[in-house]
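What follows is a short report on a single structure.
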Amino acid sequence: MSIDDPATGTAVPFGVRGAPGVHRVLGALDPTTLAGAEVVGYAHACFRARNQASARFLTALHEAGRAVAGQKGRRSLLDEFSGDEAAAALGWSRAMAARWLDLADDVLVRLPEVHAAMRSGALDDTKARVVSDWTRDLADDVAHRVCTEVLPEAPGLPVGALIERIQQIAVALDPEWAARRERNAEKRARVLASSNPSGTANVCGYDLPMDRSVVGMARMDSIAAALRRRGVRIKIETLRAQVYMALFDGT
């Protein structure tokens, strides 16, 4: 599929890596003037251009994180302060900068094929993060084999289906992977609190043991059901929340 370059009148193909003038044409076109399949092609071309820009951004972020003040040299490794300057420049929190810098380091160092798929325009940063996260507990050679199989399929898969496909391939290559991933995740168990614009708060537990989490939820449901039988007539979700807070703050 192609569309005419408004400046030259020549046809520029949508979604083709390296097509001359694609980025300039996208900026010059008014999508409200396109009809039918053309506007879908335009959206697809914008999507690919965004993916390519994301790849360049990750490269730039990785270079910035390893930069040495006043020098052109680079540190070989990142540390806890590597994202500070980028955070200040981008208006991000340190946690946000660290999260993106971690992705940049992973796809540029451990999984360069994922970064290459982004550079081609085929893979977006959301799916790149999925591949990165779901292969971290695999040996590098196995992770590369997973990427070899899944990356050609990834552009056409919804995120949920992509995760299922990675799981399927990983278990076939490394039968102990799922159990090892669960054990490693439990070592990262944490509870975090955050505020909402409304003035309320969220308190969430992450990477908690599955068996204890199921028991804990069943206990909350049981207490909420007992309160309901005693005549407390509020929404069950609100009742569960009140039970949760009573257990959480000791009241």
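Identifiers in the structure tokens: chain A, B, ... in order shown; residue index from 1 per chain; ligand index from 1 in order shown.
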*asked:* For the alpha helix (DSSP H) assignment from backbone DSSP, which residues of segment 49-172 of chain A qualify? Please present them as a PyMOL selection string.
replied: chain A and resi 49-66+84-90+94-105+112-119+125-134+140-150+159-172
Between segment 146-187 of chain A and segment 133-136 of chain A, at 9 Å or less, what are the per-residue closest atom pairs and their distances in Å? Count only C-alpha atoms, order by chain and rising residue number, and return it as a tab-separated table.
residue	atom	partner	partner_atom	distance
A:Val146	CA	A:Thr135	CA	8.0
A:Cys147	CA	A:Thr135	CA	8.8
A:Ile163	CA	A:Trp134	CA	7.4
A:Ile166	CA	A:Trp134	CA	7.2
A:Gln167	CA	A:Trp134	CA	7.8
A:Ala170	CA	A:Thr135	CA	8.0
A:Arg181	CA	A:Arg136	CA	8.6
Write a file of the just-selected residues containing C-alpha atoms, as an mmCIF file, in the first residue's frame.
data_model
loop_
_atom_site.group_PDB
_atom_site.id
_atom_site.type_symbol
_atom_site.label_atom_id
_atom_site.label_comp_id
_atom_site.auth_asym_id
_atom_site.auth_seq_id
_atom_site.Cartn_x
_atom_site.Cartn_y
_atom_site.Cartn_z
ATOM 1 C CA VAL A 146 12.466 -18.348 22.460
ATOM 2 C CA CYS A 147 13.000 -15.043 20.639
ATOM 3 C CA ILE A 163 2.625 -14.277 26.855
ATOM 4 C CA ILE A 166 6.323 -17.478 25.286
ATOM 5 C CA GLN A 167 5.219 -19.734 28.133
ATOM 6 C CA ALA A 170 9.838 -21.759 27.319
ATOM 7 C CA ARG A 181 10.252 -18.312 37.781
#
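Contact shell of Ala64 of chain A at 9 Å (only C-alpha atoms; same-chain neighbours under 3 positions omitted): Thr59, Ala60, Leu61, Ala67, Val68, Arg74, Ser82, Gly83, Glu85 and Ala86 of chain A.
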Write the residues of the preceding selection, restricted to C-alpha atoms, as a short mmCIF file (atom, residue, chain, number, x, y, z; two decimals), in the first residue's frame.
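And here's out23.cif as it stands now:
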data_model
loop_
_atom_site.label_atom_id
_atom_site.label_comp_id
_atom_site.auth_asym_id
_atom_site.auth_seq_id
_atom_site.Cartn_x
_atom_site.Cartn_y
_atom_site.Cartn_z
CA THR A 59 19.46 3.44 22.55
CA ALA A 60 19.75 7.09 23.57
CA LEU A 61 18.60 6.32 27.12
CA ALA A 67 27.71 8.48 29.99
CA VAL A 68 30.64 9.94 31.92
CA ARG A 74 30.92 5.17 28.52
CA SER A 82 22.34 5.90 36.01
CA GLY A 83 18.83 7.14 35.29
CA GLU A 85 19.90 12.76 34.64
CA ALA A 86 17.40 11.24 32.22
#
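Atom CA of Met96 of chain A lies 15.3 Å from atom CA of Leu78 of chain A.
Going from atom CA of Leu162 of chain A to atom CA of Arg56 of chain A covers 23.5 Å.
Of the listed residues (A:Val114, A:Ala43, A:Val130, A:Ala246), A:Val130 comes nearest to Ala161 of chain A; the distances count only C-alpha atoms.
For the choices A:Asp249, A:Phe81, A:Pro175, A:Ile234, the atom-to-atom distance to Val203 of chain A is smallest for A:Asp249 when using only C-alpha atoms.
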*Find the residues around Asn51 of chain A up to 12 Å (only C-alpha atoms counted), leave out those fewer than 6 positions away in its own chain, and share them as an NGL selection string.*
:A and (15 or 17 or 44-45 or 57-58 or 114-128 or 155)
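Residue-level DSSP output for segment 40-231 of chain A, from the backbone, shows strand (DSSP E or B) at Ala67, Arg74, Arg190, Val191, Leu192, Ala193, Ser194, Ser195, Ala201, Asn202, Val203, Cys204, Gly205 and Tyr206 of chain A.
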*If you count only C-alpha atoms, which residues fall within 8 Å of Pro31 of chain A, apart from same-chain ones fewer than 3 positions away, as a VMD selection string?*
chain A and resid 34 39 42
_Residues near Ala178 of chain A, cut-off 10 Å, only C-alpha atoms, skip fewer than 5 positions along chain, as a ChimeraX atom specification_ = /A:137-138,167,170-171,183-184
Next, the residues of the selection above should be written as an mmCIF file, in the first residue's frame with all heavy atoms.
data_model
loop_
_atom_site.group_PDB
_atom_site.id
_atom_site.type_symbol
_atom_site.label_atom_id
_atom_site.label_comp_id
_atom_site.auth_asym_id
_atom_site.auth_seq_id
_atom_site.Cartn_x
_atom_site.Cartn_y
_atom_site.Cartn_z
ATOM 1 N N ASP A 137 14.102 -15.333 33.444
ATOM 2 C CA ASP A 137 14.502 -16.486 34.248
ATOM 3 C C ASP A 137 14.975 -17.659 33.396
ATOM 4 O O ASP A 137 15.110 -18.776 33.892
ATOM 5 C CB ASP A 137 13.333 -16.925 35.135
ATOM 6 C CG ASP A 137 12.962 -15.859 36.150
ATOM 7 O OD1 ASP A 137 13.847 -15.449 36.918
ATOM 8 O OD2 ASP A 137 11.803 -15.407 36.155
ATOM 9 N N LEU A 138 15.249 -17.387 32.124
ATOM 10 C CA LEU A 138 15.777 -18.396 31.223
ATOM 11 C C LEU A 138 17.273 -18.167 31.016
ATOM 12 O O LEU A 138 17.744 -17.020 31.043
ATOM 13 C CB LEU A 138 15.073 -18.332 29.862
ATOM 14 C CG LEU A 138 13.601 -18.717 29.826
ATOM 15 C CD1 LEU A 138 12.996 -18.332 28.481
ATOM 16 C CD2 LEU A 138 13.417 -20.212 30.079
ATOM 17 N N GLN A 167 5.288 -18.681 27.123
ATOM 18 C CA GLN A 167 5.219 -19.734 28.133
ATOM 19 C C GLN A 167 5.297 -21.118 27.492
ATOM 20 O O GLN A 167 6.012 -22.003 27.980
ATOM 21 C CB GLN A 167 3.917 -19.606 28.934
ATOM 22 C CG GLN A 167 3.854 -18.385 29.835
ATOM 23 C CD GLN A 167 2.503 -18.235 30.500
ATOM 24 O OE1 GLN A 167 1.466 -18.395 29.859
ATOM 25 N NE2 GLN A 167 2.493 -17.921 31.776
ATOM 26 N N ALA A 170 8.873 -21.682 26.224
ATOM 27 C CA ALA A 170 9.838 -21.759 27.319
ATOM 28 C C ALA A 170 9.732 -23.084 28.066
ATOM 29 O O ALA A 170 10.754 -23.711 28.380
ATOM 30 C CB ALA A 170 9.629 -20.590 28.278
ATOM 31 N N VAL A 171 8.510 -23.523 28.346
ATOM 32 C CA VAL A 171 8.330 -24.792 29.056
ATOM 33 C C VAL A 171 8.827 -25.961 28.216
ATOM 34 O O VAL A 171 9.414 -26.916 28.737
ATOM 35 C CB VAL A 171 6.847 -24.982 29.442
ATOM 36 C CG1 VAL A 171 6.587 -26.399 29.923
ATOM 37 C CG2 VAL A 171 6.453 -23.982 30.524
ATOM 38 N N ARG A 183 9.635 -19.233 42.060
ATOM 39 C CA ARG A 183 10.515 -19.081 43.231
ATOM 40 C C ARG A 183 11.237 -17.740 43.193
ATOM 41 O O ARG A 183 11.339 -17.037 44.205
ATOM 42 C CB ARG A 183 11.536 -20.224 43.276
ATOM 43 C CG ARG A 183 10.944 -21.581 43.621
ATOM 44 C CD ARG A 183 12.038 -22.566 43.998
ATOM 45 N NE ARG A 183 13.010 -22.752 42.917
ATOM 46 C CZ ARG A 183 12.906 -23.661 41.966
ATOM 47 N NH1 ARG A 183 11.861 -24.482 41.944
ATOM 48 N NH2 ARG A 183 13.846 -23.787 41.025
ATOM 49 N N ASN A 184 11.745 -17.368 42.035
ATOM 50 C CA ASN A 184 12.467 -16.104 41.919
ATOM 51 C C ASN A 184 11.544 -14.912 42.155
ATOM 52 O O ASN A 184 11.943 -13.911 42.758
ATOM 53 C CB ASN A 184 13.125 -15.994 40.544
ATOM 54 C CG ASN A 184 14.290 -16.952 40.376
ATOM 55 O OD1 ASN A 184 14.848 -17.432 41.365
ATOM 56 N ND2 ASN A 184 14.671 -17.234 39.148
#
*Would you list the contacts of Asn202 of chain A as number ranges by chain, taking every protein, DNA or RNA residue within 10 Å and counting only C-alpha atoms, but skipping same-chain residues closer than 4 positions in sequence?*
A: 192-196
